[in-house]
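Structure file entry.pdb; described as PDB, C-alpha atoms and all ligand atoms.
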ATOM      1  CA  ILE A   1     -23.114  48.841 -68.470
ATOM      2  CA  ARG A   2     -19.705  49.261 -66.828
ATOM      3  CA  ALA A   3     -19.904  53.055 -67.260
ATOM      4  CA  LEU A   4     -23.479  53.213 -65.947
ATOM      5  CA  ALA A   5     -22.536  51.038 -62.962
ATOM      6  CA  ASP A   6     -19.699  53.441 -62.098
ATOM      7  CA  ILE A   7     -22.015  56.464 -62.335
ATOM      8  CA  ALA A   8     -24.685  54.741 -60.207
ATOM      9  CA  HIS A   9     -22.228  53.586 -57.559
ATOM     10  CA  GLY A  10     -20.578  57.021 -57.449
ATOM     11  CA  ALA A  11     -23.976  58.470 -56.555
ATOM     12  CA  GLY A  12     -24.743  55.790 -53.976
ATOM     13  CA  ALA A  13     -27.323  54.117 -56.237
ATOM     14  CA  ILE A  14     -27.544  50.582 -57.588
ATOM     15  CA  LEU A  15     -27.770  49.589 -61.237
ATOM     16  CA  CYS A  16     -30.515  47.232 -62.410
ATOM     17  CA  VAL A  17     -30.342  45.930 -65.985
ATOM     18  CA  ASP A  18     -33.292  44.623 -67.986
ATOM     19  CA  ASN A  19     -31.579  41.805 -69.874
ATOM     20  CA  CYS A  20     -34.677  40.461 -71.685
ATOM     21  CA  PHE A  21     -33.461  41.107 -75.212
ATOM     22  CA  LEU A  22     -30.162  39.254 -74.814
ATOM     23  CA  SER A  23     -30.717  36.574 -72.161
ATOM     24  CA  PRO A  24     -27.855  35.357 -69.933
ATOM     25  CA  VAL A  25     -26.353  33.564 -72.939
ATOM     26  CA  LEU A  26     -25.450  36.809 -74.694
ATOM     27  CA  GLN A  27     -24.851  39.292 -71.883
ATOM     28  CA  GLN A  28     -24.057  38.947 -68.190
ATOM     29  CA  PRO A  29     -24.502  42.348 -66.543
ATOM     30  CA  LEU A  30     -23.420  41.302 -63.022
ATOM     31  CA  LYS A  31     -19.926  40.677 -64.401
ATOM     32  CA  LEU A  32     -19.953  44.230 -65.818
ATOM     33  CA  GLY A  33     -20.765  45.847 -62.468
ATOM     34  CA  ALA A  34     -24.579  45.773 -62.375
ATOM     35  CA  ASP A  35     -26.224  44.958 -59.039
ATOM     36  CA  LEU A  36     -29.487  43.425 -60.223
ATOM     37  CA  VAL A  37     -30.621  41.844 -63.475
ATOM     38  CA  VAL A  38     -34.219  41.210 -64.488
ATOM     39  CA  HIS A  39     -35.339  38.778 -67.157
ATOM     40  CA  SER A  40     -38.757  38.236 -68.622
ATOM     41  CA  ALA A  41     -38.842  34.439 -68.651
ATOM     42  CA  THR A  42     -41.889  34.858 -70.912
ATOM     43  CA  LYS A  43     -39.466  35.706 -73.698
ATOM     44  CA  TYR A  44     -36.283  33.795 -74.592
ATOM     45  CA  LEU A  45     -36.013  31.729 -71.395
ATOM     46  CA  ASP A  46     -39.217  29.895 -72.297
ATOM     47  CA  GLY A  47     -38.588  30.547 -75.972
ATOM     48  CA  GLN A  48     -41.851  29.138 -77.245
ATOM     49  CA  GLY A  49     -44.436  31.619 -76.013
ATOM     50  CA  ARG A  50     -46.036  29.199 -73.557
ATOM     51  CA  CYS A  51     -45.826  30.665 -70.065
ATOM     52  CA  MET A  52     -45.458  33.976 -68.286
ATOM     53  CA  GLY A  53     -42.771  34.418 -65.675
ATOM     54  CA  GLY A  54     -39.686  36.336 -64.705
ATOM     55  CA  ALA A  55     -36.407  36.230 -62.840
ATOM     56  CA  VAL A  56     -34.505  38.698 -60.658
ATOM     57  CA  VAL A  57     -30.811  37.933 -60.338
ATOM     58  CA  GLY A  58     -28.408  39.391 -57.801
ATOM     59  CA  ASP A  59     -26.577  38.674 -54.579
ATOM     60  CA  ALA A  60     -27.705  36.850 -51.435
ATOM     61  CA  GLN A  61     -28.713  40.039 -49.627
ATOM     62  CA  ARG A  62     -30.651  41.832 -52.395
ATOM     63  CA  VAL A  63     -32.279  38.828 -54.001
ATOM     64  CA  GLY A  64     -31.961  36.132 -51.340
ATOM     65  CA  LYS A  65     -33.350  38.348 -48.582
ATOM     66  CA  GLU A  66     -34.991  41.515 -49.965
ATOM     67  CA  VAL A  67     -36.585  40.329 -53.234
ATOM     68  CA  PHE A  68     -37.392  36.898 -51.810
ATOM     69  CA  GLY A  69     -38.921  38.468 -48.725
ATOM     70  CA  PHE A  70     -41.091  40.752 -50.815
ATOM     71  CA  MET A  71     -42.206  37.936 -53.118
ATOM     72  CA  ARG A  72     -43.085  35.697 -50.195
ATOM     73  CA  THR A  73     -45.137  38.447 -48.563
ATOM     74  CA  ALA A  74     -46.784  39.888 -51.670
ATOM     75  CA  GLY A  75     -47.465  36.503 -53.184
ATOM     76  CA  PRO A  76     -46.614  36.469 -56.909
ATOM     77  CA  SER A  77     -45.160  32.968 -56.887
ATOM     78  CA  MET A  78     -44.704  30.851 -59.989
ATOM     79  CA  SER A  79     -46.736  27.694 -60.518
ATOM     80  CA  PRO A  80     -44.729  24.439 -60.552
ATOM     81  CA  PHE A  81     -45.849  23.794 -64.143
ATOM     82  CA  ASN A  82     -44.534  27.155 -65.395
ATOM     83  CA  ALA A  83     -41.281  26.578 -63.504
ATOM     84  CA  TRP A  84     -40.908  23.201 -65.228
ATOM     85  CA  VAL A  85     -41.551  24.733 -68.669
ATOM     86  CA  PHE A  86     -38.906  27.409 -68.054
ATOM     87  CA  LEU A  87     -36.368  24.830 -66.893
ATOM     88  CA  LYS A  88     -36.994  22.827 -70.073
ATOM     89  CA  GLY A  89     -36.602  26.045 -72.078
ATOM     90  CA  LEU A  90     -33.230  26.747 -70.464
ATOM     91  CA  GLU A  91     -31.913  23.434 -71.795
ATOM     92  CA  THR A  92     -32.087  24.756 -75.370
ATOM     93  CA  LEU A  93     -31.439  28.448 -74.667
ATOM     94  CA  GLY A  94     -27.877  28.476 -75.993
ATOM     95  CA  LEU A  95     -28.777  26.763 -79.263
ATOM     96  CA  ARG A  96     -31.826  28.926 -79.783
ATOM     97  CA  MET A  97     -30.019  32.211 -79.113
ATOM     98  CA  ARG A  98     -27.374  31.261 -81.643
ATOM     99  CA  ALA A  99     -30.036  30.634 -84.298
ATOM    100  CA  HIS A 100     -31.958  33.827 -83.419
ATOM    101  CA  CYS A 101     -28.733  35.860 -83.727
ATOM    102  CA  GLU A 102     -27.661  34.385 -87.056
ATOM    103  CA  SER A 103     -31.055  34.908 -88.667
ATOM    104  CA  ALA A 104     -31.535  38.399 -87.207
ATOM    105  CA  LEU A 105     -28.208  39.556 -88.594
ATOM    106  CA  ALA A 106     -28.997  38.092 -92.016
ATOM    107  CA  LEU A 107     -32.406  39.765 -92.019
ATOM    108  CA  ALA A 108     -30.954  43.124 -90.909
ATOM    109  CA  GLN A 109     -28.321  43.012 -93.652
ATOM    110  CA  TRP A 110     -30.970  42.189 -96.253
ATOM    111  CA  LEU A 111     -33.250  45.001 -95.033
ATOM    112  CA  GLU A 112     -30.393  47.481 -95.446
ATOM    113  CA  THR A 113     -30.356  46.731 -99.184
ATOM    114  CA  GLN A 114     -34.098  47.323 -99.652
ATOM    115  CA  LYS A 115     -35.730  50.412-101.137
ATOM    116  CA  GLY A 116     -38.271  52.376 -99.130
ATOM    117  CA  ILE A 117     -36.478  51.769 -95.842
ATOM    118  CA  ARG A 118     -34.908  54.761 -94.117
ATOM    119  CA  ARG A 119     -32.910  52.955 -91.519
ATOM    120  CA  VAL A 120     -32.346  49.516 -90.028
ATOM    121  CA  PHE A 121     -31.530  49.085 -86.338
ATOM    122  CA  HIS A 122     -29.603  46.053 -85.130
ATOM    123  CA  PRO A 123     -26.386  46.192 -83.078
ATOM    124  CA  GLY A 124     -24.769  43.619 -85.374
ATOM    125  CA  LEU A 125     -24.843  46.062 -88.282
ATOM    126  CA  VAL A 126     -21.633  48.030 -88.783
ATOM    127  CA  SER A 127     -23.910  51.061 -89.361
ATOM    128  CA  HIS A 128     -25.206  50.859 -85.773
ATOM    129  CA  PRO A 129     -23.690  53.663 -83.642
ATOM    130  CA  GLN A 130     -22.972  51.243 -80.781
ATOM    131  CA  HIS A 131     -21.785  48.310 -82.878
ATOM    132  CA  GLU A 132     -18.273  48.375 -81.389
ATOM    133  CA  LEU A 133     -19.592  48.681 -77.844
ATOM    134  CA  ALA A 134     -21.997  45.774 -78.384
ATOM    135  CA  LYS A 135     -19.110  43.715 -79.738
ATOM    136  CA  ARG A 136     -17.169  44.252 -76.521
ATOM    137  CA  GLN A 137     -20.106  43.881 -74.170
ATOM    138  CA  HIS A 138     -21.998  40.936 -75.632
ATOM    139  CA  LEU A 139     -20.822  37.337 -75.520
ATOM    140  CA  LYS A 140     -20.149  35.021 -78.424
ATOM    141  CA  VAL A 141     -22.899  32.582 -79.446
ATOM    142  CA  SER A 142     -20.379  29.723 -79.290
ATOM    143  CA  PRO A 143     -16.632  29.441 -78.627
ATOM    144  CA  GLY A 144     -14.954  31.145 -81.590
ATOM    145  CA  GLY A 145     -18.391  31.934 -83.061
ATOM    146  CA  ILE A 146     -20.000  35.242 -83.955
ATOM    147  CA  THR A 147     -20.826  37.838 -81.319
ATOM    148  CA  GLY A 148     -24.410  37.533 -80.136
ATOM    149  CA  PHE A 149     -26.237  40.675 -81.142
ATOM    150  CA  GLY A 150     -29.669  39.281 -80.305
ATOM    151  CA  GLY A 151     -32.757  38.468 -82.286
ATOM    152  CA  ILE A 152     -34.413  41.878 -82.487
ATOM    153  CA  VAL A 153     -34.339  43.949 -85.666
ATOM    154  CA  SER A 154     -36.273  47.124 -86.289
ATOM    155  CA  PHE A 155     -36.545  49.323 -89.329
ATOM    156  CA  GLU A 156     -38.111  52.591 -90.319
ATOM    157  CA  VAL A 157     -40.104  52.661 -93.528
ATOM    158  CA  GLU A 158     -40.732  55.752 -95.621
ATOM    159  CA  GLY A 159     -44.363  56.837 -95.401
ATOM    160  CA  GLY A 160     -44.939  56.803 -91.635
ATOM    161  CA  ARG A 161     -47.701  54.901 -89.872
ATOM    162  CA  GLU A 162     -49.679  54.006 -92.987
ATOM    163  CA  ALA A 163     -46.672  52.439 -94.677
ATOM    164  CA  ALA A 164     -45.595  50.618 -91.505
ATOM    165  CA  TRP A 165     -49.082  49.183 -91.000
ATOM    166  CA  LYS A 166     -49.137  48.080 -94.627
ATOM    167  CA  VAL A 167     -45.932  46.096 -94.153
ATOM    168  CA  ILE A 168     -47.254  44.536 -90.943
ATOM    169  CA  ASP A 169     -50.719  43.727 -92.307
ATOM    170  CA  SER A 170     -49.211  42.078 -95.386
ATOM    171  CA  VAL A 171     -47.417  39.270 -93.574
ATOM    172  CA  GLN A 172     -48.718  35.726 -93.978
ATOM    173  CA  MET A 173     -46.306  33.663 -91.875
ATOM    174  CA  LEU A 174     -45.085  36.112 -89.213
ATOM    175  CA  SER A 175     -47.265  36.591 -86.112
ATOM    176  CA  ILE A 176     -48.543  40.109 -85.497
ATOM    177  CA  THR A 177     -48.003  40.546 -81.755
ATOM    178  CA  ALA A 178     -45.891  42.558 -79.352
ATOM    179  CA  ASN A 179     -44.432  39.442 -77.740
ATOM    180  CA  LEU A 180     -40.860  38.435 -78.582
ATOM    181  CA  GLY A 181     -38.458  35.592 -77.974
ATOM    182  CA  ASP A 182     -40.672  32.965 -79.574
ATOM    183  CA  THR A 183     -39.740  30.216 -82.023
ATOM    184  CA  ARG A 184     -42.053  32.103 -84.398
ATOM    185  CA  THR A 185     -41.065  35.449 -85.808
ATOM    186  CA  THR A 186     -43.237  38.243 -84.438
ATOM    187  CA  ILE A 187     -43.793  41.697 -85.882
ATOM    188  CA  THR A 188     -45.223  44.801 -84.265
ATOM    189  CA  HIS A 189     -45.682  48.566 -84.593
ATOM    190  CA  PRO A 190     -44.032  49.942 -81.427
ATOM    191  CA  ALA A 191     -45.591  53.438 -81.636
ATOM    192  CA  THR A 192     -49.106  51.996 -81.194
ATOM    193  CA  THR A 193     -48.340  48.894 -79.101
ATOM    194  CA  THR A 194     -45.314  48.609 -76.787
ATOM    195  CA  HIS A 195     -44.863  52.403 -76.648
ATOM    196  CA  GLY A 196     -48.496  53.373 -77.291
ATOM    197  CA  ARG A 197     -49.143  54.549 -73.755
ATOM    198  CA  ILE A 198     -46.284  57.060 -73.466
ATOM    199  CA  SER A 199     -46.538  60.626 -74.797
ATOM    200  CA  ALA A 200     -45.637  61.557 -78.357
ATOM    201  CA  GLU A 201     -42.664  63.568 -77.010
ATOM    202  CA  ALA A 202     -41.345  60.608 -75.029
ATOM    203  CA  ARG A 203     -41.694  58.391 -78.104
ATOM    204  CA  LYS A 204     -39.767  60.909 -80.165
ATOM    205  CA  LEU A 205     -36.971  61.040 -77.582
ATOM    206  CA  ALA A 206     -36.792  57.240 -77.609
ATOM    207  CA  GLY A 207     -36.591  57.166 -81.403
ATOM    208  CA  ILE A 208     -39.943  55.409 -81.759
ATOM    209  CA  THR A 209     -41.242  56.952 -84.972
ATOM    210  CA  GLU A 210     -44.554  56.219 -86.720
ATOM    211  CA  GLY A 211     -42.719  54.409 -89.500
ATOM    212  CA  LEU A 212     -40.866  52.052 -87.152
ATOM    213  CA  VAL A 213     -41.509  48.304 -87.407
ATOM    214  CA  ARG A 214     -40.050  45.800 -84.937
ATOM    215  CA  VAL A 215     -39.328  42.202 -85.810
ATOM    216  CA  ALA A 216     -38.327  39.574 -83.238
ATOM    217  CA  VAL A 217     -36.693  36.968 -85.421
ATOM    218  CA  GLY A 218     -37.753  33.388 -84.702
ATOM    219  CA  LEU A 219     -36.350  30.039 -85.667
ATOM    220  CA  GLU A 220     -37.923  29.646 -89.108
ATOM    221  CA  ASN A 221     -35.766  29.515 -92.214
ATOM    222  CA  VAL A 222     -34.589  33.101 -92.686
ATOM    223  CA  GLU A 223     -35.450  32.959 -96.393
ATOM    224  CA  ASP A 224     -39.080  32.377 -95.479
ATOM    225  CA  ILE A 225     -38.973  35.402 -93.164
ATOM    226  CA  ILE A 226     -37.451  37.525 -95.927
ATOM    227  CA  ASN A 227     -40.015  36.313 -98.477
ATOM    228  CA  ASP A 228     -42.865  37.115 -96.119
ATOM    229  CA  LEU A 229     -41.612  40.658 -95.457
ATOM    230  CA  SER A 230     -40.908  41.252 -99.146
ATOM    231  CA  GLY A 231     -44.643  41.241 -99.921
ATOM    232  CA  GLY A 232     -45.496  44.262 -97.790
ATOM    233  CA  LEU A 233     -42.295  46.132 -98.621
TER
HETATM  234  C1  LIG B   1     -41.597  41.756 -72.194
HETATM  235  C2  LIG B   1     -40.585  42.610 -71.549
HETATM  236  C3  LIG B   1     -40.698  42.887 -70.197
HETATM  237  C4  LIG B   1     -41.871  42.388 -69.340
HETATM  238  O1  LIG B   1     -41.909  41.013 -69.255
HETATM  239  P1  LIG B   1     -43.281  40.194 -68.953
HETATM  240  O2  LIG B   1     -42.829  38.792 -68.862
HETATM  241  O3  LIG B   1     -44.184  40.452 -70.122
HETATM  242  O4  LIG B   1     -43.815  40.744 -67.688
HETATM  243  C5  LIG B   1     -39.729  43.688 -69.629
HETATM  244  N1  LIG B   1     -38.698  44.168 -70.368
HETATM  245  C6  LIG B   1     -38.555  43.902 -71.678
HETATM  246  C7  LIG B   1     -37.399  44.471 -72.433
HETATM  247  C8  LIG B   1     -39.486  43.109 -72.323
HETATM  248  O5  LIG B   1     -39.350  42.833 -73.623
END
Taking this structure as input, can you express it in the form of structure tokens?
Amino acid sequence: IRALADIAHGAGAILCVDNCFLSPVLQQPLKLGADLVVHSATKYLDGQGRCMGGAVVGDAQRVGKEVFGFMRTAGPSMSPFNAWVFLKGLETLGLRMRAHCESALALAQWLETQKGIRRVFHPGLVSHPQHELAKRQHLKVSPGGITGFGGIVSFEVEGGREAAWKVIDSVQMLSITANLGDTRTTITHPATTTHGRISAEARKLAGITEGLVRVAVGLENVEDIINDLSGGL
């Protein structure tokens, strides 16, 4: 983020970071030089899949005047009930993120030992190309605790789309949906859901293969999550 901020500022641009996957508990981009941060409150800020909302964070000019002015004119304002739900969610955000991180790392490490899996992606894995960078950039889940690598794990199965769908369709406990940041673990096939509307070339460039499965690890016992995935694998 620091390097991207320098490049952006050198070119007279601003840097906006989508911080949905980590939440403010695990990464604070403004401190690393970013100018704007966006959060989907629908995800970890609520944390229980109840409401849709979002947040734009930045300074008094950009957010206080420009974003606020646009929102007031264009009209997408949050209902008081949703705002209340998000505020209640924030009260447990730190504890939840810690649990998501611990379980996601355990799941990722287990997946790496399984047959039929080409590759596991999670920044907490030593095998991840940006593991060291994530370690420097992310925050700890608690003072003296582990680094927060987030609750998202993805893996590529051998056998392409058919094999990936088989894994996904076999789950009993996990929810099959593209949402993330819920107390419940969710599983999805990015190539046909979150990235289904971009071209095959763009998917390839982004590393979204047909065999890729994404899991957003929830707050269930991680052994139950592992047992559920074992069936399809
Ligand atoms: C879900 C998501 C969004 C969009 O958030 P909504 O609340 O669904 O509008 C943006 N960025 C990332 C990384 C997301 O996961």
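Across the model, the gap from atom CA of A:Gln137 to atom CA of A:Gln27 is 7.0 Å.
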Selection near A:Ala216, 12 Å with all atoms listed in the file, sequence-local residues under 2 positions removed, as an MDAnalysis selection string: chainID A and resid 21:22 43:44 47 97 100:101 103:105 107:108 122 150:155 174:190 213:214 218:220 225
Could you make a table, as CSV, of the residues of chain A that have an atom within 8 Å of an atom of ligand LIG 1 (chain B), each with its nearest atom pair and distance in Å to one decimal, counting all atoms listed in the file, in chain and number order?
residue,atom,partner,partner_atom,distance
A:Asp18,CA,B:LIG1,N1,5.9
A:Asn19,CA,B:LIG1,C7,6.9
A:Cys20,CA,B:LIG1,C7,4.9
A:Phe21,CA,B:LIG1,C7,5.9
A:Val38,CA,B:LIG1,C5,7.9
A:His39,CA,B:LIG1,C5,7.0
A:Ser40,CA,B:LIG1,O2,4.1
A:Ala41,CA,B:LIG1,O2,5.9
A:Thr42,CA,B:LIG1,O2,4.5
A:Lys43,CA,B:LIG1,C1,6.6
A:Met52,CA,B:LIG1,O2,5.5
A:Gly53,CA,B:LIG1,O2,5.4
A:Gly54,CA,B:LIG1,O2,5.8
A:Asn179,CA,B:LIG1,C1,6.6
A:Leu180,CA,B:LIG1,O5,6.8
In Å, how far is it from atom CA of A:Ala106 to atom CA of A:Lys140?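 Between atom CA of A:Ala106 and atom CA of A:Lys140 the gap is 16.5 Å.
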Find the residue from A:Glu112, A:Asp6, A:Glu156, A:Glu201 that sits nearest to A:Asp35; use only C-alpha atoms when measuring. A:Asp6
Take the PyMOL selection byres (((chain A and resi 148) around 7) and not hetatm), apply it to the structure above, and return the hits as number ranges by chain. A: 26, 101, 138-141, 146-147, 149-150
Rank A:Ser79, A:Asn221, A:Ser230, A:Ser127 by their smallest atom-to-atom distance to A:Ser170, using all atoms listed in the file, and report the top residue only.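 Among the listed residues, A:Ser230 lies closest to A:Ser170.
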Neighbour list for A:Phe86 as a PyMOL selection string, cut-off 8 Å, all atoms listed in the file, skip fewer than 6 positions in-chain: chain A and resi 41+45-46+51
How many Å lie between atom CA of A:Gly58 and atom CA of A:Leu30, rounded to one decimal? 7.5 Å
With distances taken over only C-alpha atoms, which residue among A:Gly12, A:Glu158, A:Leu133, A:Pro29 lies nearest A:Lys115?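 Looking only at the distances to A:Lys115, the closest residue turns out to be A:Glu158.
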Edge lengths and centre in Å to one decimal, as JSON, of the axis-aligned box that encloses all listed atoms of stretch 147-160 of chain A with 4 Å added on every side?
{"center_x": -32.9, "center_y": 47.2, "center_z": -87.9, "size_x": 32.1, "size_y": 27.3, "size_z": 23.5}
